[in-house]
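What follows is work.tsv (TSV, C-alpha atoms and all ligand atoms).
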chain	number	residue	atom	x	y	z
Z	65	MET	CA	0.00	0.00	0.00
Z	66	SER	CA	1.32	3.44	-0.83
Z	67	ALA	CA	2.60	5.60	1.99
Z	68	THR	CA	4.25	8.95	2.36
Z	69	GLY	CA	6.60	10.30	5.00
Z	70	PHE	CA	9.79	12.17	5.79
Z	71	ALA	CA	13.12	10.44	5.32
Z	72	ALA	CA	16.81	11.12	5.77
Z	73	HIS	CA	18.79	10.12	2.69
Z	74	SER	CA	22.22	10.72	4.24
Z	75	ALA	CA	23.75	11.76	7.55
Z	76	ASN	CA	24.18	15.38	6.45
Z	77	ASP	CA	21.15	16.35	4.40
Z	78	PRO	CA	17.85	17.58	5.83
Z	79	LEU	CA	14.98	15.11	5.98
Z	80	GLN	CA	12.76	15.25	2.90
Z	81	HIS	CA	9.40	14.16	1.68
Z	82	PHE	CA	9.51	10.48	0.69
Z	83	ALA	CA	6.95	8.27	-1.05
Z	84	PHE	CA	7.25	4.53	-0.40
Z	85	GLU	CA	5.32	1.28	-0.17
Z	86	ARG	CA	4.07	-0.42	2.99
Z	87	ARG	CA	3.57	-4.17	2.81
Z	88	THR	CA	0.21	-5.58	1.83
Z	89	PRO	CA	-1.45	-6.33	5.20
Z	90	ARG	CA	-1.20	-9.93	6.42
Z	91	SER	CA	-3.95	-11.74	8.32
Z	92	ASP	CA	-2.53	-10.65	11.71
Z	93	ASP	CA	-1.77	-7.05	10.72
Z	94	VAL	CA	-3.28	-3.79	11.86
Z	95	VAL	CA	-3.24	-0.82	9.46
Z	96	ILE	CA	-2.95	2.44	11.39
Z	97	ASP	CA	-3.48	6.01	10.15
Z	98	ILE	CA	-0.85	7.96	12.07
Z	99	LEU	CA	-2.00	11.09	13.92
Z	100	TYR	CA	1.12	11.96	15.95
Z	101	CYS	CA	4.69	10.80	16.24
Z	102	GLY	CA	7.10	11.81	19.00
Z	103	VAL	CA	10.70	12.79	18.23
Z	104	CYS	CA	13.15	10.70	20.25
Z	105	HIS	CA	16.88	11.46	20.50
Z	106	THR	CA	17.35	7.98	19.00
Z	107	ASP	CA	15.74	9.28	15.79
Z	108	LEU	CA	18.48	11.90	15.64
Z	109	HIS	CA	21.22	9.32	16.37
Z	110	LEU	CA	19.92	7.09	13.57
Z	111	ALA	CA	19.11	9.82	11.01
Z	112	ARG	CA	22.66	11.12	11.43
Z	113	ASN	CA	24.24	7.67	11.61
Z	114	HIS	CA	25.88	8.17	15.02
Z	115	GLY	CA	26.06	4.38	15.49
Z	116	GLY	CA	27.38	3.67	11.99
Z	117	PHE	CA	24.58	1.19	11.10
Z	118	THR	CA	21.95	3.36	9.43
Z	119	ALA	CA	20.60	2.11	6.08
Z	120	TYR	CA	19.35	5.03	3.98
Z	121	PRO	CA	16.73	6.16	3.21
Z	122	ILE	CA	15.50	6.02	6.80
Z	123	VAL	CA	12.05	7.10	7.99
Z	124	PRO	CA	12.50	7.56	11.77
Z	125	GLY	CA	9.79	7.62	14.43
Z	126	HIS	CA	8.87	5.09	17.10
Z	127	GLU	CA	6.42	7.00	19.27
Z	128	VAL	CA	3.34	6.49	17.16
Z	129	ILE	CA	-0.28	7.25	17.94
Z	130	GLY	CA	-2.99	6.70	15.39
Z	131	ARG	CA	-6.38	5.28	14.55
Z	132	VAL	CA	-6.96	1.80	13.21
Z	133	ARG	CA	-7.98	1.93	9.53
Z	134	GLN	CA	-8.44	-1.80	9.00
Z	135	VAL	CA	-7.42	-5.16	10.48
Z	136	GLY	CA	-6.52	-8.57	9.07
Z	137	GLU	CA	-8.97	-11.47	9.40
Z	138	ASN	CA	-7.19	-13.01	12.40
Z	139	VAL	CA	-7.04	-9.83	14.46
Z	140	THR	CA	-9.47	-9.87	17.39
Z	141	ARG	CA	-8.20	-7.18	19.81
Z	142	PHE	CA	-8.56	-4.18	17.51
Z	143	LYS	CA	-11.11	-2.77	15.11
Z	144	ALA	CA	-11.39	0.22	12.80
Z	145	GLY	CA	-11.57	3.56	14.60
Z	146	MET	CA	-9.70	2.53	17.79
Z	147	MET	CA	-6.93	4.80	19.10
Z	148	VAL	CA	-3.73	2.74	19.29
Z	149	GLY	CA	0.01	3.12	19.78
Z	150	VAL	CA	3.17	1.61	18.32
Z	151	GLY	CA	6.56	1.84	20.02
Z	152	CYS	CA	10.10	0.80	19.15
Z	153	MET	CA	9.34	-2.75	17.98
Z	154	VAL	CA	6.96	-4.20	15.40
Z	155	ASP	CA	7.85	-7.90	15.60
Z	156	SER	CA	10.00	-10.58	17.27
Z	157	CYS	CA	10.39	-14.36	17.06
Z	158	GLN	CA	7.86	-15.04	19.87
Z	159	HIS	CA	9.50	-18.34	20.91
Z	160	CYS	CA	12.97	-17.57	22.33
Z	161	GLN	CA	13.55	-17.28	26.06
Z	162	PRO	CA	13.49	-13.46	26.17
Z	163	CYS	CA	10.31	-13.34	24.05
Z	164	LEU	CA	8.60	-15.92	26.30
Z	165	LYS	CA	9.63	-13.80	29.27
Z	166	GLY	CA	7.97	-10.76	27.68
Z	167	TRP	CA	11.30	-9.14	26.75
Z	168	GLU	CA	10.70	-8.93	23.01
Z	169	GLN	CA	13.16	-6.02	22.87
Z	170	ASP	CA	15.94	-8.52	23.63
Z	171	CYS	CA	14.68	-11.27	21.28
Z	172	ALA	CA	17.49	-13.81	20.83
Z	173	GLU	CA	16.79	-13.90	17.08
Z	174	GLY	CA	16.77	-10.11	16.88
Z	175	SER	CA	13.71	-7.93	17.39
Z	176	THR	CA	12.25	-6.21	14.35
Z	177	PHE	CA	12.46	-2.54	15.20
Z	178	THR	CA	9.99	0.02	13.93
Z	179	TYR	CA	12.52	1.56	11.54
Z	180	ASN	CA	15.96	0.81	10.11
Z	181	SER	CA	15.28	-2.90	10.62
Z	182	VAL	CA	14.54	-5.87	8.38
Z	183	ASP	CA	11.06	-7.40	8.31
Z	184	ARG	CA	11.57	-11.01	9.48
Z	185	HIS	CA	8.97	-12.40	7.02
Z	186	ASP	CA	9.59	-10.66	3.70
Z	187	GLY	CA	13.04	-9.08	4.16
Z	188	SER	CA	11.83	-5.55	3.48
Z	189	ILE	CA	13.19	-2.55	5.40
Z	190	THR	CA	10.95	-1.14	8.12
Z	191	TYR	CA	9.99	2.54	7.97
Z	192	GLY	CA	8.91	4.43	11.06
Z	193	GLY	CA	6.27	6.85	12.23
Z	194	TYR	CA	7.20	10.09	10.44
Z	195	SER	CA	4.60	8.95	7.92
Z	196	ASP	CA	0.88	8.81	7.24
Z	197	VAL	CA	0.21	5.09	7.69
Z	198	ILE	CA	1.91	2.05	9.24
Z	199	VAL	CA	1.23	-1.71	9.07
Z	200	VAL	CA	2.04	-3.59	12.28
Z	201	ARG	CA	1.62	-7.14	13.58
Z	202	ASP	CA	-1.27	-7.08	16.08
Z	203	LYS	CA	0.84	-8.39	19.01
Z	204	PHE	CA	2.93	-5.20	18.86
Z	205	VAL	CA	0.01	-2.77	18.79
Z	206	LEU	CA	-0.86	-1.13	22.11
Z	207	SER	CA	-4.25	0.05	23.37
Z	208	VAL	CA	-4.31	3.71	24.35
Z	209	PRO	CA	-6.53	4.34	27.39
Z	210	ASP	CA	-9.50	6.65	26.83
Z	211	GLY	CA	-8.98	10.17	28.03
Z	212	LEU	CA	-5.26	10.45	27.29
Z	213	ASP	CA	-4.44	13.33	24.96
Z	214	PRO	CA	-3.20	11.58	21.80
Z	215	ALA	CA	-0.28	13.98	21.13
Z	216	GLY	CA	0.85	13.79	24.76
Z	217	ALA	CA	0.48	10.01	24.77
Z	218	ALA	CA	2.80	9.49	21.76
Z	219	PRO	CA	6.07	9.85	23.76
Z	220	LEU	CA	4.86	7.24	26.24
Z	221	LEU	CA	5.59	4.64	23.53
Z	222	CYS	CA	9.36	5.11	23.92
Z	223	ALA	CA	10.28	7.74	26.54
Z	224	GLY	CA	7.53	6.40	28.82
Z	225	ILE	CA	8.34	2.69	28.64
Z	226	THR	CA	12.11	3.21	28.65
Z	227	THR	CA	11.90	4.98	32.01
Z	228	TRP	CA	9.03	2.88	33.42
Z	229	SER	CA	10.82	-0.42	32.93
Z	230	PRO	CA	13.87	0.30	35.15
Z	231	LEU	CA	11.71	2.02	37.78
Z	232	LEU	CA	9.56	-1.11	38.04
Z	233	HIS	CA	12.50	-3.50	37.88
Z	234	TRP	CA	14.25	-1.75	40.77
Z	235	ASN	CA	11.05	-1.66	42.86
Z	236	VAL	CA	10.64	2.09	42.95
Z	237	GLY	CA	7.73	3.15	45.14
Z	238	ALA	CA	6.89	4.96	48.35
Z	239	GLY	CA	10.02	5.35	50.45
Z	240	THR	CA	12.44	5.00	47.51
Z	241	LYS	CA	14.82	7.83	46.69
Z	242	VAL	CA	15.24	8.16	42.93
Z	243	ALA	CA	17.45	10.51	40.94
Z	244	VAL	CA	17.23	11.21	37.23
Z	245	ILE	CA	20.20	12.52	35.23
Z	246	GLY	CA	19.22	14.86	32.37
Z	247	LEU	CA	15.95	16.68	31.83
Z	248	GLY	CA	14.95	15.92	28.25
Z	249	GLY	CA	12.34	13.59	26.78
Z	250	LEU	CA	13.26	10.51	28.81
Z	251	GLY	CA	14.19	12.52	31.89
Z	252	HIS	CA	10.90	14.36	32.18
Z	253	MET	CA	8.96	11.09	31.86
Z	254	ALA	CA	11.18	9.55	34.55
Z	255	LEU	CA	10.33	12.44	36.89
Z	256	LYS	CA	6.60	12.08	36.26
Z	257	LEU	CA	6.53	8.30	36.60
Z	258	ALA	CA	8.79	8.09	39.67
Z	259	ASN	CA	6.71	10.77	41.34
Z	260	ALA	CA	3.44	8.97	40.51
Z	261	LEU	CA	4.93	5.73	41.92
Z	262	GLY	CA	5.39	7.57	45.23
Z	263	ALA	CA	9.18	7.98	45.27
Z	264	GLU	CA	11.15	10.99	46.49
Z	265	VAL	CA	12.59	12.36	43.25
Z	266	THR	CA	15.73	14.40	42.51
Z	267	LEU	CA	16.89	15.79	39.17
Z	268	PHE	CA	20.58	16.03	38.26
Z	269	THR	CA	20.98	18.60	35.48
Z	270	ARG	CA	23.81	20.52	33.82
Z	271	SER	CA	21.39	23.28	32.93
Z	272	ALA	CA	20.73	25.97	35.53
Z	273	GLY	CA	17.22	27.32	35.06
Z	274	LYS	CA	15.38	23.99	34.85
Z	275	GLU	CA	14.48	24.05	38.59
Z	276	HIS	CA	10.98	25.41	38.22
Z	277	ASP	CA	9.99	23.00	35.46
Z	278	ALA	CA	11.57	20.09	37.31
Z	279	GLY	CA	9.36	20.80	40.32
Z	280	ARG	CA	6.26	20.98	38.17
Z	281	LEU	CA	7.19	17.67	36.53
Z	282	GLY	CA	7.56	15.84	39.84
Z	283	ALA	CA	11.06	16.52	41.22
Z	284	ASP	CA	11.32	17.24	44.94
Z	285	HIS	CA	14.93	18.42	44.61
Z	286	VAL	CA	17.26	19.65	41.87
Z	287	VAL	CA	21.06	19.23	41.90
Z	288	LEU	CA	23.27	21.14	39.48
Z	289	SER	CA	25.73	18.42	38.53
Z	290	SER	CA	28.48	20.94	37.68
Z	291	ASP	CA	28.51	22.22	41.29
Z	292	PRO	CA	30.75	20.00	43.50
Z	293	GLU	CA	29.16	21.38	46.69
Z	294	GLN	CA	25.67	20.39	45.57
Z	295	MET	CA	26.98	16.95	44.55
Z	296	LYS	CA	28.64	16.47	47.95
Z	297	ALA	CA	25.42	17.41	49.72
Z	298	VAL	CA	23.63	14.36	48.25
Z	299	ALA	CA	26.35	11.79	49.07
Z	300	GLY	CA	24.94	8.34	49.93
Z	301	ARG	CA	21.38	9.41	49.11
Z	302	PHE	CA	19.87	7.50	46.18
Z	303	ASP	CA	18.52	3.98	45.84
Z	304	VAL	CA	18.16	4.28	42.06
Z	305	ILE	CA	19.69	6.71	39.58
Z	306	VAL	CA	18.26	6.71	36.06
Z	307	ASP	CA	20.91	8.11	33.70
Z	308	THR	CA	19.40	9.48	30.44
Z	309	VAL	CA	22.49	11.34	29.11
Z	310	PRO	CA	22.72	10.57	25.35
Z	311	TYR	CA	26.50	10.82	24.90
Z	312	ASP	CA	29.67	9.55	26.55
Z	313	HIS	CA	30.02	11.05	30.01
Z	314	ASP	CA	31.80	10.39	33.29
Z	315	VAL	CA	29.57	8.42	35.67
Z	316	ASN	CA	32.12	8.51	38.52
Z	317	PRO	CA	30.83	11.76	40.10
Z	318	TYR	CA	27.38	10.17	40.51
Z	319	MET	CA	28.53	6.93	42.17
Z	320	PRO	CA	29.13	8.39	45.66
Z	321	THR	CA	25.56	9.73	45.63
Z	322	LEU	CA	24.22	6.16	45.67
Z	323	ALA	CA	23.01	4.68	48.96
Z	324	LEU	CA	24.23	1.24	50.08
Z	325	GLU	CA	23.14	-1.27	47.43
Z	326	GLY	CA	22.06	1.59	45.22
Z	327	VAL	CA	22.08	1.20	41.45
Z	328	LEU	CA	22.85	3.56	38.58
Z	329	VAL	CA	20.88	2.49	35.51
Z	330	LEU	CA	22.26	3.59	32.14
Z	331	ILE	CA	19.52	4.12	29.58
Z	332	GLY	CA	20.72	7.08	27.52
Z	333	TYR	CA	24.06	5.92	26.14
Z	334	MET	CA	25.12	2.54	24.75
Z	335	GLY	CA	28.75	3.01	23.69
Z	336	PRO	CA	32.04	2.62	25.55
Z	337	LEU	CA	32.47	4.93	28.53
Z	338	GLY	CA	35.56	7.05	27.88
Z	339	THR	CA	36.35	7.53	31.56
Z	340	PRO	CA	36.90	4.20	33.31
Z	341	VAL	CA	34.58	3.50	36.20
Z	342	ASN	CA	36.37	3.38	39.53
Z	343	ALA	CA	35.78	-0.24	40.62
Z	344	GLY	CA	35.92	0.86	44.24
Z	345	SER	CA	32.68	2.76	43.74
Z	346	VAL	CA	30.79	-0.49	43.12
Z	347	VAL	CA	32.83	-2.73	45.42
Z	348	ARG	CA	32.17	-0.49	48.40
Z	349	GLY	CA	28.57	-0.52	49.60
Z	350	ARG	CA	27.58	-3.22	47.06
Z	351	ARG	CA	26.59	-0.50	44.63
Z	352	ALA	CA	25.91	-1.41	41.01
Z	353	ILE	CA	25.83	-0.06	37.50
Z	354	SER	CA	23.10	-1.56	35.36
Z	355	GLY	CA	21.24	-0.74	32.17
Z	356	SER	CA	17.82	-1.05	30.61
Z	357	PHE	CA	16.57	-1.22	27.03
Z	358	ILE	CA	13.06	0.04	26.19
Z	359	GLY	CA	10.60	-2.54	27.63
Z	360	GLY	CA	8.47	-5.49	26.52
Z	361	VAL	CA	4.98	-5.33	25.03
Z	362	ARG	CA	3.20	-6.45	28.22
Z	363	GLU	CA	5.13	-3.93	30.28
Z	364	THR	CA	4.36	-1.17	27.77
Z	365	GLN	CA	0.63	-1.86	28.06
Z	366	GLN	CA	0.96	-1.86	31.86
Z	367	MET	CA	2.69	1.56	31.68
Z	368	LEU	CA	0.00	2.97	29.35
Z	369	ASP	CA	-2.74	1.73	31.68
Z	370	PHE	CA	-0.92	3.29	34.67
Z	371	CYS	CA	-0.67	6.58	32.76
Z	372	GLY	CA	-4.38	6.35	31.93
Z	373	GLU	CA	-5.24	5.88	35.62
Z	374	HIS	CA	-2.99	8.72	36.74
Z	375	GLY	CA	-3.61	11.09	33.83
Z	376	ILE	CA	0.06	11.11	32.86
Z	377	VAL	CA	1.14	12.29	29.41
Z	378	SER	CA	4.30	13.90	28.10
Z	379	ASP	CA	4.78	17.69	27.97
Z	380	VAL	CA	4.91	18.26	24.25
Z	381	GLU	CA	5.72	20.93	21.70
Z	382	ILE	CA	3.76	20.07	18.58
Z	383	ILE	CA	5.57	20.73	15.31
Z	384	PRO	CA	4.80	20.32	11.62
Z	385	VAL	CA	6.93	17.68	9.91
Z	386	GLU	CA	8.92	20.30	7.91
Z	387	LYS	CA	10.41	21.52	11.21
Z	388	ILE	CA	12.05	18.21	12.00
Z	389	ASP	CA	15.63	19.29	11.33
Z	390	GLU	CA	15.15	22.41	13.43
Z	391	ALA	CA	13.77	20.16	16.20
Z	392	TYR	CA	16.90	17.98	16.01
Z	393	GLU	CA	19.13	21.05	16.32
Z	394	ARG	CA	17.16	22.30	19.31
Z	395	MET	CA	17.34	18.85	20.88
Z	396	LEU	CA	21.13	18.96	20.60
Z	397	ARG	CA	21.08	22.24	22.52
Z	398	SER	CA	18.76	20.73	25.20
Z	399	ASP	CA	16.16	23.25	24.06
Z	400	VAL	CA	13.13	21.02	24.24
Z	401	LYS	CA	10.20	21.15	26.66
Z	402	TYR	CA	10.13	18.25	26.82
Z	403	ARG	CA	9.29	16.30	23.70
Z	404	PHE	CA	8.71	17.40	20.14
Z	405	VAL	CA	5.72	15.65	18.63
Z	406	ILE	CA	4.95	15.82	14.91
Z	407	ASP	CA	1.35	16.51	13.96
Z	408	MET	CA	1.09	14.17	11.01
Z	409	ALA	CA	-1.70	16.21	9.42
Z	410	SER	CA	1.15	18.57	8.42
Z	411	LEU	CA	2.43	15.92	6.01
Z	412	LYS	CA	-0.28	16.89	3.48
Z	413	ASN	CA	0.97	20.50	3.28
Z	414	ALA	CA	4.57	19.31	3.08
Z	415	ARG	CA	3.62	17.06	0.18
Z	416	GLN	CA	1.87	19.87	-1.69
Z	417	GLN	CA	5.04	21.96	-1.50
Z	418	VAL	CA	7.13	19.30	-3.22
E	1	LIG	P1	16.93	14.50	25.01
E	1	LIG	O1	15.48	14.87	25.00
E	1	LIG	O2	17.84	15.19	24.07
E	1	LIG	O3	17.44	14.65	26.53
E	1	LIG	C1	18.72	14.34	26.95
E	1	LIG	C2	19.10	15.21	28.16
E	1	LIG	O4	20.38	14.79	28.63
E	1	LIG	C3	19.25	16.69	27.83
E	1	LIG	O5	18.05	17.39	27.94
E	1	LIG	C4	20.28	17.14	28.86
E	1	LIG	O6	19.63	17.41	30.11
E	1	LIG	C5	21.15	15.92	29.04
E	1	LIG	N1	22.34	15.98	28.15
E	1	LIG	C6	22.35	16.12	26.82
E	1	LIG	N2	23.61	16.05	26.34
E	1	LIG	C7	24.40	15.87	27.40
E	1	LIG	C8	25.80	15.72	27.57
E	1	LIG	N3	26.63	15.75	26.51
E	1	LIG	N4	26.27	15.56	28.80
E	1	LIG	C9	25.44	15.56	29.87
E	1	LIG	N5	24.09	15.69	29.76
E	1	LIG	C10	23.59	15.83	28.55
E	1	LIG	O7	17.10	12.95	24.68
E	1	LIG	P2	16.07	11.73	24.99
E	1	LIG	O8	15.12	11.59	23.85
E	1	LIG	O9	15.60	11.85	26.38
E	1	LIG	O10	17.06	10.48	24.85
E	1	LIG	C11	18.16	10.32	25.73
E	1	LIG	C12	19.01	9.17	25.26
E	1	LIG	O11	18.32	7.94	25.50
E	1	LIG	C13	19.35	9.16	23.76
E	1	LIG	O12	20.69	8.80	23.57
E	1	LIG	C14	18.46	8.08	23.19
E	1	LIG	O13	19.00	7.47	22.03
E	1	LIG	C15	18.44	7.11	24.36
E	1	LIG	N6	17.32	6.17	24.40
E	1	LIG	C16	17.56	4.96	24.95
E	1	LIG	C17	16.53	4.04	25.06
E	1	LIG	C18	16.76	2.73	25.70
E	1	LIG	O14	16.02	1.80	25.43
E	1	LIG	N7	17.72	2.57	26.60
E	1	LIG	C19	15.27	4.36	24.58
E	1	LIG	C20	15.06	5.64	24.07
E	1	LIG	C21	16.09	6.54	23.98
E	1	LIG	P3	20.11	18.62	31.08
E	1	LIG	O15	20.12	19.83	30.21
E	1	LIG	O16	19.03	18.62	32.11
E	1	LIG	O17	21.43	18.23	31.64
E	2	ZN	ZN	13.07	6.35	21.40
E	3	ZN	ZN	12.50	-13.93	20.35

Please express the file's structure as structure tokens.
Amino acid sequence: MSATGFAAHSANDPLQHFAFERRTPRSDDVVIDILYCGVCHTDLHLARNHGGFTAYPIVPGHEVIGRVRQVGENVTRFKAGMMVGVGCMVDSCQHCQPCLKGWEQDCAEGSTFTYNSVDRHDGSITYGGYSDVIVVRDKFVLSVPDGLDPAGAAPLLCAGITTWSPLLHWNVGAGTKVAVIGLGGLGHMALKLANALGAEVTLFTRSAGKEHDAGRLGADHVVLSSDPEQMKAVAGRFDVIVDTVPYDHDVNPYMPTLALEGVLVLIGYMGPLGTPVNAGSVVRGRRAISGSFIGGVRETQQMLDFCGEHGIVSDVEIIPVEKIDEAYERMLRSDVKYRFVIDMASLKNARQQV
């Protein structure tokens, strides 16, 4: 079926209008007309080939909200007109140990990601949510609770689940002291979710001036990470630190702020850390450094339902699709409050201008 979207054709050029084909729907597929798509820092990493594994053209976008247009004959959970979401994955093997555990994101045979991935059935390249329509296997389609603003709900599909999963895994709740490093898309969701789970929440930021917003988003305290006095004042404090920083950075200054048996969970950066971690900082006090990668389908639905019950959505700045490169530049300057979301209706105007 014909589709239209915005694609990067190289690491240096602006994204452009792109016409392409979606697969003919299979019996277990859901066809979704996309209303909104969030802009994750991962989209920027992939569009600009930061990891060195981008296959061009690439249509980014894995925070998708839309309405079901049609379903295949074996689909029972969805019908035309329903508001649904799609996150970072669109398929997995469904029989390996991680899949059976509900960790489809770590599928032993390789998850099929929403874009820049290879469809496991027909070998085609997957294209993401900066587009008008998407075809997704029903098991990877999420129900969006009634009452959630659709634009605000879009970032829950990646920023929401990526922060929810480690908070749940490390038993964050009333009485837990949580810190979040970096106030961007993931960081602001971490503040909201940790606060709603009942934790005492602190933000570590490099950016003076984010204090007021941090409080509104759920932080009880703010620590300017560039100020050694403020860092010293929170020594031994945190049970869980969620680190959303997208680039190589020194984690050593944060380690002494962990409580006994505290854990720092890396979610923002996946490459080698340039500054070696002082082993003493984990040996002493049985502290740990861990990581977390998105979250499984079941967990994502659980997070969406929690957000529905608590009225939690992302703080968004809605943009037309033509502004995507400007949004990436602003994201690099940490000038985002706190997630750009593309209104996909703007695609029609963009197409007319081509
Ligand atoms: P974002 O909106 O750009 O926010 C990142 C925040 O980190 C910034 O607002 C800034 O906060 C801080 N920061 C930025 N550059 C920094 C630097 N060089 N040193 C220290 N702090 C810095 O990005 P995002 O969408 O939240 O994504 C964050 C990262 O998570 C990206 O790398 C993305 O690819 C990754 N990610 C991982 C997963 C996963 O499954 N693990 C899922 C989604 C995204 P302050 O100004 O407050 O310091
Ligand atoms: Zn993402
Ligand atoms: Zn699997």

Which residues form the shell of 7 Å around ligand LIG 1 (chain E) when you count all atoms listed in the file, given as a ChimeraX atom specification? /Z:104-106,109,222-223,226,245-251,268-271,308-313,331-333,356-358,395-396,398,400,402-403

Distance cut-off 6 Å, centre (32.3, 4.5, 38.7) in file coordinates, counting only C-alpha atoms: which residues qualify? Return them as JSON, numbers by chain. {"Z": [315, 316, 319, 341, 342, 345]}

What are the closest atom pairs, with distances in Å to one decimal, for each residue of chain Z lying within 8 Å of ligand ZN 3 (chain E), using all atoms listed in the file, rows by chain and rising residue number, as JSON lines?
{"residue": "Z:Ser156", "atom": "CA", "partner": "E:ZN3", "partner_atom": "ZN", "distance": 5.2}
{"residue": "Z:Cys157", "atom": "CA", "partner": "E:ZN3", "partner_atom": "ZN", "distance": 3.9}
{"residue": "Z:Gln158", "atom": "CA", "partner": "E:ZN3", "partner_atom": "ZN", "distance": 4.8}
{"residue": "Z:His159", "atom": "CA", "partner": "E:ZN3", "partner_atom": "ZN", "distance": 5.4}
{"residue": "Z:Cys160", "atom": "CA", "partner": "E:ZN3", "partner_atom": "ZN", "distance": 4.2}
{"residue": "Z:Gln161", "atom": "CA", "partner": "E:ZN3", "partner_atom": "ZN", "distance": 6.7}
{"residue": "Z:Pro162", "atom": "CA", "partner": "E:ZN3", "partner_atom": "ZN", "distance": 5.9}
{"residue": "Z:Cys163", "atom": "CA", "partner": "E:ZN3", "partner_atom": "ZN", "distance": 4.3}
{"residue": "Z:Leu164", "atom": "CA", "partner": "E:ZN3", "partner_atom": "ZN", "distance": 7.4}
{"residue": "Z:Glu168", "atom": "CA", "partner": "E:ZN3", "partner_atom": "ZN", "distance": 5.9}
{"residue": "Z:Asp170", "atom": "CA", "partner": "E:ZN3", "partner_atom": "ZN", "distance": 7.2}
{"residue": "Z:Cys171", "atom": "CA", "partner": "E:ZN3", "partner_atom": "ZN", "distance": 3.6}
{"residue": "Z:Ala172", "atom": "CA", "partner": "E:ZN3", "partner_atom": "ZN", "distance": 5.0}
{"residue": "Z:Glu173", "atom": "CA", "partner": "E:ZN3", "partner_atom": "ZN", "distance": 5.4}
{"residue": "Z:Gly174", "atom": "CA", "partner": "E:ZN3", "partner_atom": "ZN", "distance": 6.7}
{"residue": "Z:Ser175", "atom": "CA", "partner": "E:ZN3", "partner_atom": "ZN", "distance": 6.8}

Return the single residue from Z:Ile225, Z:Ala263, Z:Leu324, Z:Val103 that is closest to Arg394 (chain Z), with distances computed using only C-alpha atoms.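 Among Z:Ile225, Z:Ala263, Z:Leu324, Z:Val103, it is Z:Val103 that comes nearest to Arg394 (chain Z).
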
Atomic distance CA of Arg201 (chain Z) - CA of Asp407 (chain Z), expressed in Å with one decimal: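 Calculated distance between CA of Arg201 (chain Z) and CA of Asp407 (chain Z) is 23.7 Å.
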
When you look at Gly239 (chain Z) with a cut-off of 12 Å (counting all atoms listed in the file), what residues show up, excluding the ones that are within fewer than 5 positions of it in the same chain? I need them as a PyMOL selection string. chain Z and resi 258-259+261-265+302-304

From the set Z:Leu212, Z:Met146, Z:Ala323, Z:Val94, which residue has the shortest atom-to-atom contact distance to Gly372 (chain Z), counting all atoms listed in the file?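 Counting all atoms listed in the file, the residue closest to Gly372 (chain Z) is Z:Leu212.
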
Given the choices Z:Val286, Z:Leu257, Z:Val128, Z:Ile406, which gets closest to ligand ZN 2 (chain E) if the distance is worked out from only C-alpha atoms and all ligand atoms?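 Ranking Z:Val286, Z:Leu257, Z:Val128, Z:Ile406 by distance to ligand ZN 2 (chain E), first place goes to Z:Val128.
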
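As for CA of Arg87 (chain Z) and CA of Gly116 (chain Z), they are spaced 26.7 Å apart.
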
Within 6 Å of (-7.5, 2.0, 10.8), in the coordinates the file gives, what residues turn up when you count all atoms listed in the file, written out as a PyMOL selection string? chain Z and resi 95-97+131-134+144-145

Residue neighbourhood Tyr120 (chain Z), 12 Å, all atoms listed in the file, exclusion window fewer than 6 positions, as a short mmCIF file (atom, residue, chain, number, x, y, z; two decimals) with C-alpha atoms, in the frame of the given file:
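Result saved to selection12.cif:
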data_model
loop_
_atom_site.label_atom_id
_atom_site.label_comp_id
_atom_site.auth_asym_id
_atom_site.auth_seq_id
_atom_site.Cartn_x
_atom_site.Cartn_y
_atom_site.Cartn_z
CA ALA Z 71 13.12 10.44 5.32
CA ALA Z 72 16.81 11.12 5.77
CA HIS Z 73 18.79 10.12 2.69
CA SER Z 74 22.22 10.72 4.24
CA ALA Z 75 23.75 11.76 7.55
CA ASN Z 76 24.18 15.38 6.45
CA ASP Z 77 21.15 16.35 4.40
CA LEU Z 79 14.98 15.11 5.98
CA PHE Z 82 9.51 10.48 0.69
CA LEU Z 110 19.92 7.09 13.57
CA ALA Z 111 19.11 9.82 11.01
CA ARG Z 112 22.66 11.12 11.43
CA ASN Z 113 24.24 7.67 11.61
CA TYR Z 179 12.52 1.56 11.54
CA ASN Z 180 15.96 0.81 10.11
CA SER Z 181 15.28 -2.90 10.62
CA ILE Z 189 13.19 -2.55 5.40
CA THR Z 190 10.95 -1.14 8.12
CA TYR Z 191 9.99 2.54 7.97
#

Surrounding residues of Lys387 (chain Z) excluding itself and chain neighbours under 3 positions, 12 Å, all atoms listed in the file, as a ChimeraX atom specification: /Z:70,78-80,103,194,381-384,390-394,404-408,410-411,414

Have a look at CA of Phe204 (chain Z) and CA of Glu127 (chain Z) and let me know their distance in Å, one decimal.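 It comes out at 12.7 Å.
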
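In terms of minimum interatomic distance to Met65 (chain Z), Z:Ala83 ranks closest within Z:Leu288, Z:Met153, Z:Ala83, Z:Leu108, counting all atoms listed in the file.
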
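Remark: for Thr68 (chain Z), the closest of the candidate residues Z:Ala238, Z:Met295, Z:Ala243, Z:Val197 is Z:Val197 (distances computed over all atoms listed in the file).
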